[in-house]
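Asks: Contents of data02.csv (CSV, C-alpha atoms and all ligand atoms) are given next:
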chain,number,residue,atom,x,y,z
T,170,MET,CA,21.3,-29.1,-39.0
T,171,ASN,CA,17.8,-28.7,-40.5
T,172,GLY,CA,17.8,-24.9,-40.1
T,173,MET,CA,15.9,-25.1,-36.9
T,174,ASP,CA,18.8,-24.7,-34.5
T,175,PHE,CA,18.2,-21.1,-33.4
T,176,LYS,CA,17.2,-19.3,-30.2
T,177,ILE,CA,13.6,-18.3,-29.7
T,178,ILE,CA,12.2,-14.9,-28.8
T,179,ASP,CA,9.1,-15.1,-26.4
T,180,SER,CA,7.4,-11.8,-26.9
T,181,HIS,CA,4.8,-12.1,-24.2
T,182,SER,CA,5.2,-13.1,-20.5
T,183,HIS,CA,3.9,-12.1,-17.1
T,184,PRO,CA,6.2,-11.3,-14.2
T,185,GLY,CA,4.5,-10.5,-10.9
T,186,TYR,CA,3.5,-13.9,-9.5
T,187,GLU,CA,6.9,-14.4,-7.7
T,188,ARG,CA,6.7,-14.5,-3.9
T,189,LYS,CA,8.9,-11.5,-3.2
T,190,ASP,CA,6.7,-8.5,-2.2
T,191,ILE,CA,3.7,-10.1,-3.9
T,192,GLU,CA,1.3,-8.4,-1.5
T,193,LYS,CA,2.4,-5.1,-3.2
T,194,ARG,CA,1.1,-6.4,-6.6
T,195,PRO,CA,-2.7,-6.5,-6.5
T,196,GLY,CA,-4.3,-9.5,-8.2
T,197,CYS,CA,-1.1,-11.6,-8.4
T,198,THR,CA,-2.0,-13.7,-5.3
T,199,LEU,CA,-5.1,-14.9,-7.2
T,200,MET,CA,-2.8,-17.4,-9.0
T,201,TRP,CA,-2.0,-19.1,-5.7
T,202,PHE,CA,-4.8,-18.4,-3.2
T,203,GLY,CA,-8.4,-19.4,-3.3
T,204,ALA,CA,-10.0,-22.2,-5.3
T,205,GLN,CA,-7.4,-24.5,-6.7
T,206,ASN,CA,-7.4,-24.8,-10.4
T,207,PRO,CA,-5.5,-26.8,-13.0
T,208,SER,CA,-3.4,-23.8,-14.1
T,209,SER,CA,-2.2,-23.1,-10.6
T,210,ALA,CA,-1.4,-26.7,-9.8
T,211,MET,CA,0.4,-27.2,-13.1
T,212,ILE,CA,2.7,-24.2,-12.6
T,213,ARG,CA,3.4,-25.4,-9.0
T,214,ALA,CA,4.2,-28.9,-10.3
T,215,ALA,CA,6.5,-27.4,-13.0
T,216,LEU,CA,8.2,-25.3,-10.3
T,217,GLY,CA,8.9,-28.5,-8.3
T,218,ASP,CA,6.1,-28.4,-5.7
T,219,PRO,CA,5.7,-32.0,-4.6
T,220,GLU,CA,2.1,-31.2,-3.5
T,221,PRO,CA,0.8,-28.9,-6.2
T,222,TRP,CA,-2.9,-29.4,-5.2
T,223,LYS,CA,-2.5,-28.6,-1.6
T,224,PRO,CA,-4.2,-25.3,-0.9
T,225,ILE,CA,-1.9,-22.3,-0.3
T,226,THR,CA,-3.0,-20.2,2.6
T,227,LYS,CA,0.1,-18.1,3.5
T,228,ILE,CA,2.4,-15.8,1.5
T,229,GLU,CA,5.4,-17.9,2.7
T,230,GLU,CA,3.9,-20.9,0.8
T,231,ILE,CA,3.9,-19.1,-2.6
T,232,PRO,CA,6.6,-20.4,-4.9
T,233,ASP,CA,9.7,-18.4,-4.9
T,234,PHE,CA,11.0,-18.0,-8.4
T,235,GLY,CA,12.7,-14.8,-9.1
T,236,VAL,CA,14.6,-13.5,-12.1
T,237,ASP,CA,17.5,-16.0,-11.8
T,238,TYR,CA,15.0,-18.8,-12.1
T,239,TRP,CA,13.5,-17.1,-15.2
T,240,ILE,CA,16.9,-16.9,-16.8
T,241,LYS,CA,17.7,-20.5,-16.1
T,242,TYR,CA,14.4,-21.5,-17.5
T,243,MET,CA,15.0,-19.4,-20.7
T,244,ASP,CA,18.4,-20.9,-21.1
T,245,ASP,CA,16.9,-24.4,-20.8
T,246,MET,CA,14.2,-23.6,-23.3
T,247,GLY,CA,16.5,-22.0,-25.8
T,248,ILE,CA,14.8,-18.6,-25.4
T,249,SER,CA,17.2,-15.6,-25.8
T,250,HIS,CA,14.8,-12.8,-25.0
T,251,MET,CA,11.4,-12.3,-23.3
T,252,GLY,CA,8.9,-9.4,-23.4
T,253,LEU,CA,7.5,-8.6,-19.9
T,254,GLN,CA,4.0,-7.2,-19.5
T,255,ALA,CA,3.6,-4.7,-16.7
T,256,MET,CA,-0.1,-4.5,-15.8
T,257,ASP,CA,-2.4,-1.8,-14.4
T,258,THR,CA,-6.1,-2.5,-14.7
T,259,GLU,CA,-9.4,-3.0,-12.8
T,260,SER,CA,-12.6,-4.7,-13.8
T,261,ASP,CA,-16.0,-2.9,-13.6
T,262,PRO,CA,-17.9,-2.6,-10.3
T,263,PRO,CA,-19.2,-4.3,-8.3
T,264,LEU,CA,-16.4,-6.8,-8.7
T,265,SER,CA,-13.7,-4.2,-9.2
T,266,TRP,CA,-10.9,-6.8,-9.4
T,267,ARG,CA,-7.5,-5.0,-9.5
T,268,TRP,CA,-4.5,-6.3,-11.3
T,269,GLN,CA,-1.3,-4.4,-11.0
T,270,VAL,CA,2.3,-5.3,-11.8
T,271,PRO,CA,4.2,-1.9,-11.4
T,272,TYR,CA,6.6,-0.7,-14.1
T,273,GLU,CA,9.1,-0.3,-11.2
T,274,TYR,CA,8.9,-4.0,-10.3
T,275,VAL,CA,9.4,-5.1,-13.9
T,276,LYS,CA,12.4,-2.8,-14.4
T,277,LYS,CA,14.1,-3.2,-11.0
T,278,GLU,CA,13.7,-7.0,-10.6
T,279,PHE,CA,14.1,-8.1,-14.2
T,280,ILE,CA,15.3,-5.6,-16.8
T,281,ASP,CA,18.0,-3.9,-14.7
T,282,LYS,CA,19.4,-7.3,-13.7
T,283,TYR,CA,19.5,-8.8,-17.2
T,284,PRO,CA,19.0,-5.8,-19.6
T,285,ASP,CA,20.0,-7.9,-22.7
T,286,ARG,CA,17.4,-10.6,-22.0
T,287,PHE,CA,14.2,-8.7,-21.4
T,288,TRP,CA,12.2,-5.7,-22.5
T,289,GLY,CA,9.1,-4.3,-20.7
T,290,ILE,CA,5.7,-3.2,-21.9
T,291,GLY,CA,3.7,-0.6,-19.8
T,292,GLY,CA,0.1,-1.3,-18.9
T,293,ILE,CA,-2.3,1.6,-19.3
T,294,HIS,CA,-5.3,1.9,-16.9
T,295,TYR,CA,-7.3,4.1,-19.3
T,296,LYS,CA,-10.5,3.9,-17.4
T,297,LEU,CA,-9.0,6.6,-15.2
T,298,GLY,CA,-8.9,9.1,-18.1
T,299,PRO,CA,-6.4,10.7,-20.3
T,300,GLU,CA,-4.4,12.6,-17.7
T,301,HIS,CA,-3.5,9.4,-15.8
T,302,SER,CA,-3.0,7.5,-19.1
T,303,LEU,CA,-0.6,10.1,-20.5
T,304,GLU,CA,1.5,9.9,-17.3
T,305,GLN,CA,1.7,6.2,-17.8
T,306,VAL,CA,2.8,6.6,-21.4
T,307,GLU,CA,5.5,9.1,-20.5
T,308,LYS,CA,6.7,6.8,-17.7
T,309,ALA,CA,6.9,3.8,-20.2
T,310,LYS,CA,9.1,6.0,-22.4
T,311,GLU,CA,11.2,7.1,-19.4
T,312,PHE,CA,11.7,3.4,-18.4
T,313,GLY,CA,12.9,2.5,-21.8
T,314,PHE,CA,9.9,0.3,-22.7
T,315,PRO,CA,9.3,0.1,-26.4
T,316,GLY,CA,5.5,0.1,-26.1
T,317,VAL,CA,2.3,0.1,-23.9
T,318,LYS,CA,-0.5,-2.3,-23.5
T,319,MET,CA,-4.3,-1.8,-23.5
T,320,PHE,CA,-6.0,-4.5,-21.5
T,321,THR,CA,-9.3,-4.2,-23.3
T,322,VAL,CA,-11.3,-6.9,-21.5
T,323,LEU,CA,-11.2,-5.0,-18.2
T,324,GLU,CA,-10.7,-1.4,-19.5
T,325,GLY,CA,-13.2,-1.0,-22.3
T,326,TYR,CA,-13.3,-0.3,-26.0
T,327,PRO,CA,-9.9,0.5,-27.5
T,328,ASN,CA,-11.4,2.9,-30.1
T,329,ASP,CA,-12.9,5.2,-27.4
T,330,ARG,CA,-12.0,8.6,-28.8
T,331,GLU,CA,-12.1,10.4,-25.5
T,332,LYS,CA,-10.2,7.9,-23.3
T,333,CYS,CA,-7.9,6.3,-25.8
T,334,TYR,CA,-7.0,8.6,-28.7
T,335,PRO,CA,-4.8,11.0,-26.6
T,336,ILE,CA,-2.8,7.9,-25.7
T,337,TYR,CA,-2.2,7.0,-29.3
T,338,GLU,CA,-1.3,10.5,-30.2
T,339,ARG,CA,1.3,10.6,-27.5
T,340,CYS,CA,2.7,7.2,-28.5
T,341,VAL,CA,3.2,8.3,-32.1
T,342,LYS,CA,5.0,11.4,-30.8
T,343,LEU,CA,7.2,9.3,-28.5
T,344,GLY,CA,7.8,6.5,-30.9
T,345,LEU,CA,6.1,3.8,-28.8
T,346,HIS,CA,3.9,1.0,-30.2
T,347,VAL,CA,0.6,0.0,-28.6
T,348,GLU,CA,-0.5,-3.6,-27.8
T,349,PHE,CA,-4.1,-4.7,-27.5
T,350,HIS,CA,-5.5,-7.7,-25.8
T,351,VAL,CA,-7.6,-9.3,-28.6
T,352,GLY,CA,-9.5,-12.5,-27.7
T,353,VAL,CA,-10.9,-14.3,-24.7
T,354,GLU,CA,-9.5,-14.0,-21.2
T,355,ASP,CA,-10.2,-15.6,-17.9
T,356,VAL,CA,-9.3,-13.0,-15.3
T,357,PRO,CA,-12.3,-11.9,-13.0
T,358,GLY,CA,-14.7,-9.5,-14.6
T,359,ALA,CA,-13.4,-9.9,-18.2
T,360,ARG,CA,-15.9,-8.7,-20.9
T,361,PHE,CA,-15.0,-10.1,-24.2
T,362,LYS,CA,-17.0,-7.6,-26.3
T,363,TYR,CA,-14.2,-5.1,-25.7
T,364,SER,CA,-11.6,-7.4,-27.1
T,365,ASP,CA,-13.1,-8.0,-30.6
T,366,PRO,CA,-10.4,-7.2,-33.2
T,367,ILE,CA,-12.9,-5.2,-35.2
T,368,TYR,CA,-12.3,-2.2,-33.0
T,369,ILE,CA,-8.6,-2.3,-33.7
T,370,GLN,CA,-9.3,-1.4,-37.3
T,371,ASP,CA,-10.7,2.0,-36.2
T,372,VAL,CA,-7.4,2.7,-34.4
T,373,ALA,CA,-5.3,1.5,-37.3
T,374,MET,CA,-7.2,3.7,-39.7
T,375,ASP,CA,-7.1,6.8,-37.5
T,376,PHE,CA,-3.5,6.4,-36.6
T,377,PRO,CA,-1.6,5.2,-39.7
T,378,ASP,CA,1.7,6.1,-38.1
T,379,LEU,CA,1.0,4.1,-34.9
T,380,LYS,CA,2.4,0.5,-34.8
T,381,ILE,CA,-0.2,-1.8,-33.3
T,382,VAL,CA,0.2,-5.3,-31.9
T,383,MET,CA,-2.8,-7.6,-31.4
T,384,LEU,CA,-2.1,-9.9,-28.5
T,385,HIS,CA,-3.4,-13.5,-29.0
T,386,CYS,CA,-4.6,-12.9,-32.6
T,387,GLY,CA,-8.3,-12.9,-31.7
T,388,PHE,CA,-7.8,-16.2,-29.8
T,389,PHE,CA,-10.9,-18.3,-29.3
T,390,LEU,CA,-13.2,-15.4,-30.3
T,391,SER,CA,-12.5,-14.3,-33.9
T,392,PRO,CA,-9.1,-15.2,-35.2
T,393,GLU,CA,-10.2,-14.8,-38.8
T,394,ARG,CA,-11.1,-11.2,-38.1
T,395,ALA,CA,-7.7,-10.6,-36.5
T,396,VAL,CA,-5.8,-12.1,-39.4
T,397,GLY,CA,-7.9,-10.1,-41.9
T,398,ILE,CA,-7.3,-6.8,-40.2
T,399,CYS,CA,-3.6,-7.6,-39.9
T,400,ALA,CA,-3.4,-8.5,-43.6
T,401,MET,CA,-5.2,-5.3,-44.7
T,402,GLN,CA,-3.8,-2.7,-42.4
T,403,PRO,CA,-0.1,-2.0,-42.9
T,404,ASN,CA,0.5,-0.8,-39.3
T,405,VAL,CA,-1.1,-3.9,-37.5
T,406,TYR,CA,0.9,-6.9,-36.3
T,407,THR,CA,0.0,-9.9,-34.1
T,408,ASP,CA,1.4,-12.4,-31.7
T,409,ILE,CA,0.1,-16.0,-31.4
T,410,THR,CA,0.2,-16.1,-27.6
T,411,ASN,CA,-2.2,-18.8,-26.3
T,412,ALA,CA,-2.3,-19.5,-22.6
T,413,LEU,CA,-4.8,-22.3,-23.1
T,414,SER,CA,-2.6,-24.2,-25.5
T,415,ILE,CA,-2.6,-27.2,-23.2
T,416,PHE,CA,-6.1,-27.8,-24.3
T,417,MET,CA,-5.8,-26.6,-27.8
T,418,ASP,CA,-2.4,-27.5,-29.1
T,419,LEU,CA,-2.6,-28.2,-32.8
T,420,LYS,CA,-6.3,-27.7,-32.7
T,421,LYS,CA,-8.3,-24.5,-33.5
T,422,TYR,CA,-6.9,-21.9,-33.4
T,423,THR,CA,-3.7,-20.4,-32.3
T,424,TYR,CA,-1.2,-23.2,-32.9
T,425,ASP,CA,-3.3,-25.0,-35.4
T,426,LEU,CA,-1.5,-26.0,-38.6
T,427,GLU,CA,-4.1,-24.7,-41.0
T,428,HIS,CA,-4.3,-21.4,-39.1
T,429,LEU,CA,-0.5,-21.0,-39.2
T,430,ARG,CA,-0.5,-21.7,-42.9
T,431,VAL,CA,-2.9,-18.8,-43.3
T,432,LEU,CA,-0.5,-16.6,-41.3
T,433,GLU,CA,2.4,-17.8,-43.5
T,434,GLN,CA,0.5,-17.0,-46.7
T,435,PHE,CA,-0.9,-13.6,-45.7
T,436,ILE,CA,1.2,-12.0,-42.9
T,437,PRO,CA,4.6,-13.9,-42.9
T,438,ASP,CA,6.5,-10.8,-41.7
T,439,LYS,CA,3.9,-9.5,-39.2
T,440,VAL,CA,3.4,-12.3,-36.7
T,441,TRP,CA,5.4,-13.8,-33.9
T,442,TYR,CA,5.5,-16.2,-31.0
T,443,GLY,CA,4.5,-15.5,-27.3
T,444,SER,CA,3.8,-17.8,-24.4
T,445,ASP,CA,2.0,-16.1,-21.4
T,446,PHE,CA,4.7,-17.7,-19.2
T,447,PRO,CA,4.6,-18.6,-16.3
T,448,VAL,CA,1.0,-19.8,-17.0
T,449,THR,CA,2.4,-22.1,-19.7
T,450,HIS,CA,5.4,-23.3,-17.7
T,451,ALA,CA,4.3,-26.9,-17.7
T,452,TRP,CA,3.9,-27.4,-21.4
T,453,GLN,CA,5.9,-24.6,-23.2
T,454,LYS,CA,8.7,-27.0,-24.1
T,455,THR,CA,6.3,-29.3,-25.9
T,456,THR,CA,4.6,-26.3,-27.6
T,457,ILE,CA,7.9,-25.0,-28.9
T,458,ALA,CA,9.1,-28.5,-30.1
T,459,ARG,CA,5.8,-29.0,-31.9
T,460,LEU,CA,5.9,-25.5,-33.5
T,461,LYS,CA,9.4,-26.2,-34.7
T,462,ASP,CA,8.3,-29.6,-36.1
T,463,LEU,CA,5.2,-28.4,-38.0
T,464,PRO,CA,5.3,-28.9,-41.8
T,465,LEU,CA,5.7,-25.1,-42.5
T,466,SER,CA,8.7,-23.6,-44.3
T,467,VAL,CA,11.8,-23.3,-42.3
T,468,GLU,CA,12.0,-19.6,-43.4
T,469,PHE,CA,8.5,-18.9,-41.9
T,470,LYS,CA,9.3,-20.8,-38.7
T,471,ARG,CA,12.4,-18.7,-38.2
T,472,LYS,CA,10.4,-15.5,-38.8
T,473,LEU,CA,7.6,-16.7,-36.4
T,474,LEU,CA,9.8,-17.8,-33.6
T,475,ARG,CA,12.6,-15.2,-33.8
T,476,ASP,CA,13.3,-12.9,-36.7
T,477,ASN,CA,10.0,-10.9,-36.8
T,478,ALA,CA,10.0,-10.2,-33.0
T,479,ALA,CA,13.8,-9.3,-33.2
T,480,LYS,CA,13.1,-6.7,-35.8
T,481,PHE,CA,10.0,-5.3,-34.1
T,482,PHE,CA,11.0,-5.2,-30.5
T,483,LEU,CA,14.8,-5.1,-30.6
T,484,GLY,CA,15.3,-3.4,-34.0
T,485,LYS,CA,17.8,-6.1,-35.0
T,486,THR,CA,18.2,-8.2,-38.1
T,487,PRO,CA,18.9,-11.9,-37.9
T,488,GLU,CA,22.5,-11.2,-38.8
T,489,MET,CA,22.9,-8.7,-36.0
T,490,LEU,CA,21.4,-11.1,-33.5
T,491,ALA,CA,23.6,-14.0,-34.8
T,492,ALA,CA,26.7,-11.9,-34.1
T,493,GLU,CA,25.6,-11.6,-30.4
T,494,LYS,CA,26.5,-14.4,-28.1
T,495,VAL,CA,23.8,-14.4,-25.5
T,496,THR,CA,24.8,-16.2,-22.4
T,497,THR,CA,23.8,-15.7,-18.8
T,498,GLN,CA,27.1,-14.3,-17.7
T,499,TRP,CA,27.5,-12.0,-20.7
T,500,SER,CA,24.4,-10.0,-20.0
T,501,ARG,CA,24.4,-10.0,-16.2
T,502,VAL,CA,24.7,-6.6,-14.6
T,503,ASP,CA,26.5,-6.9,-11.3
T,504,ILE,CA,24.2,-4.7,-9.2
T,505,GLU,CA,26.0,-5.6,-6.0
T,506,ALA,CA,29.1,-3.9,-7.4
T,507,LYS,CA,27.3,-0.6,-7.8
T,601,ZN,ZN,-0.8,-12.2,-21.4
Kindly return the structure encoded in the file as structure tokens.

Replies:
Amino acid sequence: MNGMDFKIIDSHSHPGYERKDIEKRPGCTLMWFGAQNPSSAMIRAALGDPEPWKPITKIEEIPDFGVDYWIKYMDDMGISHMGLQAMDTESDPPLSWRWQVPYEYVKKEFIDKYPDRFWGIGGIHYKLGPEHSLEQVEKAKEFGFPGVKMFTVLEGYPNDREKCYPIYERCVKLGLHVEFHVGVEDVPGARFKYSDPIYIQDVAMDFPDLKIVMLHCGFFLSPERAVGICAMQPNVYTDITNALSIFMDLKKYTYDLEHLRVLEQFIPDKVWYGSDFPVTHAWQKTTIARLKDLPLSVEFKRKLLRDNAAKFFLGKTPEMLAAEKVTTQWSRVDIEAK
């Protein structure tokens, strides 16, 4: 083999769009209802819908793809583990678009069923103030999530001392890391000014013991800034998640060869892969194949696609992971037997 025969870790995906109880997850029906868009049609086509452009008008018409579908997909793609983003956020008035994927849903429907294939990240609705935020941080810890996410584009500046700093203090105390959306975003009401990586440096400076992950590496906004901050601040890491990669594969920026060479040179141990699945369902296989094929060192590609995320999220070395035989059956918890 050429050293590329290894399982991948996909650090960044979005449960919630599955049909079951979707009406209890605000915002998630946006993927399926309303104006038809290429993303929606491509996911439906990838899920086997023979008429992916036909408007969906009823809940019953929403694709039904629960955790067993996810596991089969991961096995087909050679993905051993996925990180799951719980969400809790709302855009500014008058739009006030709500997006919520409860921690309970992520835990019950995914992690409890396949605990060795997934981990969860808690979403913090920090607009509501520190009291609510701290409850969400404590709940993330209680649920066994390794970290929490700040969805800057809807929630506001991540270096807001009053709203955000108590969250970081508590995360340091509890041993949780914090993830920040850094880069453009196309959900309703998104304001990109909040997602400039420059504000992450304040947090990194003021909380040197807090582990920070930049999601999307400043994608389509200021990737150079994101890499610069990651290179200069010891406690800052980044993923390369790029939901628009169908339009940008191998172009500026996220999966671009020159960009990845900069990452290899400056932050080889602080960067890892993520997909934004299921948005990327239709083309993720191509993306992974291309990433594996790029003229970068095999050592860096292993770090990017597996080893760095294994260390950060799972606390496991490549040797420890190699000793584990991940199969569907091996990790299945028989919940019916309980
Ligand atoms: Zn995402």

Asks: List every residue of chain T that has an atom at most 10 Å from any atom of ligand ZN 601 (chain T), giving for each one its closest atom pair and the distance in Å to one decimal, counting only C-alpha atoms and all ligand atoms, sorted by chain and then by ascending residue number, as a tab-separated table.

Replies:
residue	atom	partner	partner_atom	distance
T:Ser180	CA	T:ZN601	ZN	9.9
T:His181	CA	T:ZN601	ZN	6.3
T:Ser182	CA	T:ZN601	ZN	6.1
T:His183	CA	T:ZN601	ZN	6.4
T:Leu253	CA	T:ZN601	ZN	9.2
T:Gln254	CA	T:ZN601	ZN	7.2
T:Ala255	CA	T:ZN601	ZN	9.9
T:Met256	CA	T:ZN601	ZN	9.5
T:Phe320	CA	T:ZN601	ZN	9.3
T:His350	CA	T:ZN601	ZN	7.9
T:Glu354	CA	T:ZN601	ZN	8.9
T:Leu384	CA	T:ZN601	ZN	7.6
T:His385	CA	T:ZN601	ZN	8.1
T:Thr410	CA	T:ZN601	ZN	7.4
T:Asn411	CA	T:ZN601	ZN	8.3
T:Ala412	CA	T:ZN601	ZN	7.5
T:Gly443	CA	T:ZN601	ZN	8.6
T:Ser444	CA	T:ZN601	ZN	7.8
T:Asp445	CA	T:ZN601	ZN	4.8
T:Phe446	CA	T:ZN601	ZN	8.1
T:Pro447	CA	T:ZN601	ZN	9.8
T:Val448	CA	T:ZN601	ZN	9.0

Asks: Just to be explicit: take each residue in the selection above, keep C-alpha atoms, and write the result as a CSV table (one decimal), in the frame of the given file.

Replies:
chain,number,residue,atom,x,y,z
T,180,SER,CA,7.4,-11.8,-26.9
T,181,HIS,CA,4.8,-12.1,-24.2
T,182,SER,CA,5.2,-13.1,-20.5
T,183,HIS,CA,3.9,-12.1,-17.1
T,253,LEU,CA,7.5,-8.6,-19.9
T,254,GLN,CA,4.0,-7.2,-19.5
T,255,ALA,CA,3.6,-4.7,-16.7
T,256,MET,CA,-0.1,-4.5,-15.8
T,320,PHE,CA,-6.0,-4.5,-21.5
T,350,HIS,CA,-5.5,-7.7,-25.8
T,354,GLU,CA,-9.5,-14.0,-21.2
T,384,LEU,CA,-2.1,-9.9,-28.5
T,385,HIS,CA,-3.4,-13.5,-29.0
T,410,THR,CA,0.2,-16.1,-27.6
T,411,ASN,CA,-2.2,-18.8,-26.3
T,412,ALA,CA,-2.3,-19.5,-22.6
T,443,GLY,CA,4.5,-15.5,-27.3
T,444,SER,CA,3.8,-17.8,-24.4
T,445,ASP,CA,2.0,-16.1,-21.4
T,446,PHE,CA,4.7,-17.7,-19.2
T,447,PRO,CA,4.6,-18.6,-16.3
T,448,VAL,CA,1.0,-19.8,-17.0

Asks: If I take atom CA of T:Glu220 and atom CA of T:Leu199, how far is one from the other in Å, to one decimal?

Replies: 18.2 Å

Asks: Please identify all polymer residues within 12 Å of stretch 226-229 of chain T, counting all atoms listed in the file, omitting same-chain residues fewer than 2 positions from it, and present them as a CSV table (one decimal) with C-alpha atoms, in the frame of the given file.

Replies:
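Result saved to around-v4.csv:
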chain,number,residue,atom,x,y,z
T,186,TYR,CA,3.5,-13.9,-9.5
T,187,GLU,CA,6.9,-14.4,-7.7
T,188,ARG,CA,6.7,-14.5,-3.9
T,189,LYS,CA,8.9,-11.5,-3.2
T,190,ASP,CA,6.7,-8.5,-2.2
T,191,ILE,CA,3.7,-10.1,-3.9
T,192,GLU,CA,1.3,-8.4,-1.5
T,193,LYS,CA,2.4,-5.1,-3.2
T,197,CYS,CA,-1.1,-11.6,-8.4
T,198,THR,CA,-2.0,-13.7,-5.3
T,199,LEU,CA,-5.1,-14.9,-7.2
T,200,MET,CA,-2.8,-17.4,-9.0
T,201,TRP,CA,-2.0,-19.1,-5.7
T,202,PHE,CA,-4.8,-18.4,-3.2
T,203,GLY,CA,-8.4,-19.4,-3.3
T,204,ALA,CA,-10.0,-22.2,-5.3
T,205,GLN,CA,-7.4,-24.5,-6.7
T,223,LYS,CA,-2.5,-28.6,-1.6
T,224,PRO,CA,-4.2,-25.3,-0.9
T,231,ILE,CA,3.9,-19.1,-2.6
T,232,PRO,CA,6.6,-20.4,-4.9
T,233,ASP,CA,9.7,-18.4,-4.9

Asks: If I take atom CA of T:His428 and atom CA of T:Ala479, how far is one from the other in Å, to one decimal?

Replies: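 Separation of atom CA of T:His428 and atom CA of T:Ala479: 22.6 Å.
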
Asks: With all atoms listed in the file as the basis for distance, which of T:Ile225, T:Leu379, T:Ala210, T:Val440 is at the shortest distance from T:Ala400?

Replies: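 For T:Ala400, the nearest of the given residues is T:Val440.
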
Asks: Pick out the closest residue to T:Val275 from this set: T:Pro184, T:Tyr326, T:Gly298, T:Ala359. Count all atoms listed in the file.

Replies: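 Among T:Pro184, T:Tyr326, T:Gly298, T:Ala359, it is T:Pro184 that comes nearest to T:Val275.
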
Asks: Restricting the calculation to only C-alpha atoms, which member of T:Trp239, T:Phe175, T:Phe287, T:Phe376 is positioned closest to T:Gly252?

Replies: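 Of T:Trp239, T:Phe175, T:Phe287, T:Phe376, the one nearest T:Gly252 is T:Phe287, counting only C-alpha atoms.
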
Asks: Quick one: of T:Ile240, T:Val356, T:Cys399, T:Val405, who's nearest to T:Leu432, counting all atoms listed in the file?

Replies: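 Of the candidates, the smallest distance to T:Leu432 is held by T:Cys399.
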
Asks: Could you tell me how far atom CA of T:Asp378 lies from atom CA of T:Ser364, in Å and to one decimal?

Replies: 21.9 Å

Asks: Restricting the calculation to all atoms listed in the file, which member of T:Pro221, T:Gly352, T:Gly247, T:Pro195 is positioned closest to T:Asp174?

Replies: T:Gly247

Asks: Ranking T:Met251, T:Ala373, T:Val353, T:Leu264 by minimum distance to T:Leu390 and counting only C-alpha atoms, which one comes first?

Replies: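 Under the stated criterion, the closest residue is T:Val353.
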
Asks: Could you pull out every residue with an atom within 12 Å of (2.0, -1.0, -39.8), file coordinates, counting all atoms listed in the file, and send them as a ChimeraX atom specification?

Replies: /T:346-347,370,372-374,376-383,398-407,436,438-440,481

Asks: Can you give me N, CA, C and O atoms for stretch 283-292 of chain T, written as a PDB file, in the coordinates of the input?

Replies:
ATOM      1  N   TYR T 283      19.065  -8.112 -15.949  1.00  0.00           N
ATOM      2  CA  TYR T 283      19.500  -8.800 -17.200  1.00  0.00           C
ATOM      3  C   TYR T 283      18.967  -7.927 -18.392  1.00  0.00           C
ATOM      4  O   TYR T 283      18.026  -8.322 -19.097  1.00  0.00           O
ATOM      5  N   PRO T 284      19.559  -6.773 -18.615  1.00  0.00           N
ATOM      6  CA  PRO T 284      19.000  -5.800 -19.600  1.00  0.00           C
ATOM      7  C   PRO T 284      19.075  -6.392 -21.059  1.00  0.00           C
ATOM      8  O   PRO T 284      18.333  -5.901 -21.911  1.00  0.00           O
ATOM      9  N   ASP T 285      19.895  -7.376 -21.310  1.00  0.00           N
ATOM     10  CA  ASP T 285      20.000  -7.900 -22.700  1.00  0.00           C
ATOM     11  C   ASP T 285      19.119  -9.148 -22.877  1.00  0.00           C
ATOM     12  O   ASP T 285      19.203  -9.788 -23.926  1.00  0.00           O
ATOM     13  N   ARG T 286      18.311  -9.490 -21.881  1.00  0.00           N
ATOM     14  CA  ARG T 286      17.400 -10.600 -22.000  1.00  0.00           C
ATOM     15  C   ARG T 286      15.949 -10.253 -22.028  1.00  0.00           C
ATOM     16  O   ARG T 286      15.111 -11.073 -22.394  1.00  0.00           O
ATOM     17  N   PHE T 287      15.636  -9.038 -21.567  1.00  0.00           N
ATOM     18  CA  PHE T 287      14.200  -8.700 -21.400  1.00  0.00           C
ATOM     19  C   PHE T 287      13.930  -7.283 -21.979  1.00  0.00           C
ATOM     20  O   PHE T 287      14.815  -6.432 -22.057  1.00  0.00           O
ATOM     21  N   TRP T 288      12.674  -7.077 -22.345  1.00  0.00           N
ATOM     22  CA  TRP T 288      12.200  -5.700 -22.500  1.00  0.00           C
ATOM     23  C   TRP T 288      10.813  -5.646 -21.795  1.00  0.00           C
ATOM     24  O   TRP T 288      10.187  -6.666 -21.520  1.00  0.00           O
ATOM     25  N   GLY T 289      10.369  -4.439 -21.448  1.00  0.00           N
ATOM     26  CA  GLY T 289       9.100  -4.300 -20.700  1.00  0.00           C
ATOM     27  C   GLY T 289       8.057  -3.568 -21.560  1.00  0.00           C
ATOM     28  O   GLY T 289       8.379  -2.814 -22.477  1.00  0.00           O
ATOM     29  N   ILE T 290       6.783  -3.843 -21.236  1.00  0.00           N
ATOM     30  CA  ILE T 290       5.700  -3.200 -21.900  1.00  0.00           C
ATOM     31  C   ILE T 290       4.806  -2.556 -20.764  1.00  0.00           C
ATOM     32  O   ILE T 290       4.455  -3.238 -19.804  1.00  0.00           O
ATOM     33  N   GLY T 291       4.476  -1.285 -20.872  1.00  0.00           N
ATOM     34  CA  GLY T 291       3.700  -0.600 -19.800  1.00  0.00           C
ATOM     35  C   GLY T 291       2.219  -0.812 -19.947  1.00  0.00           C
ATOM     36  O   GLY T 291       1.662  -0.695 -21.026  1.00  0.00           O
ATOM     37  N   GLY T 292       1.542  -1.148 -18.849  1.00  0.00           N
ATOM     38  CA  GLY T 292       0.100  -1.300 -18.900  1.00  0.00           C
ATOM     39  C   GLY T 292      -0.606   0.026 -18.624  1.00  0.00           C
ATOM     40  O   GLY T 292      -0.221   0.758 -17.726  1.00  0.00           O
TER      41      GLY T 292
END
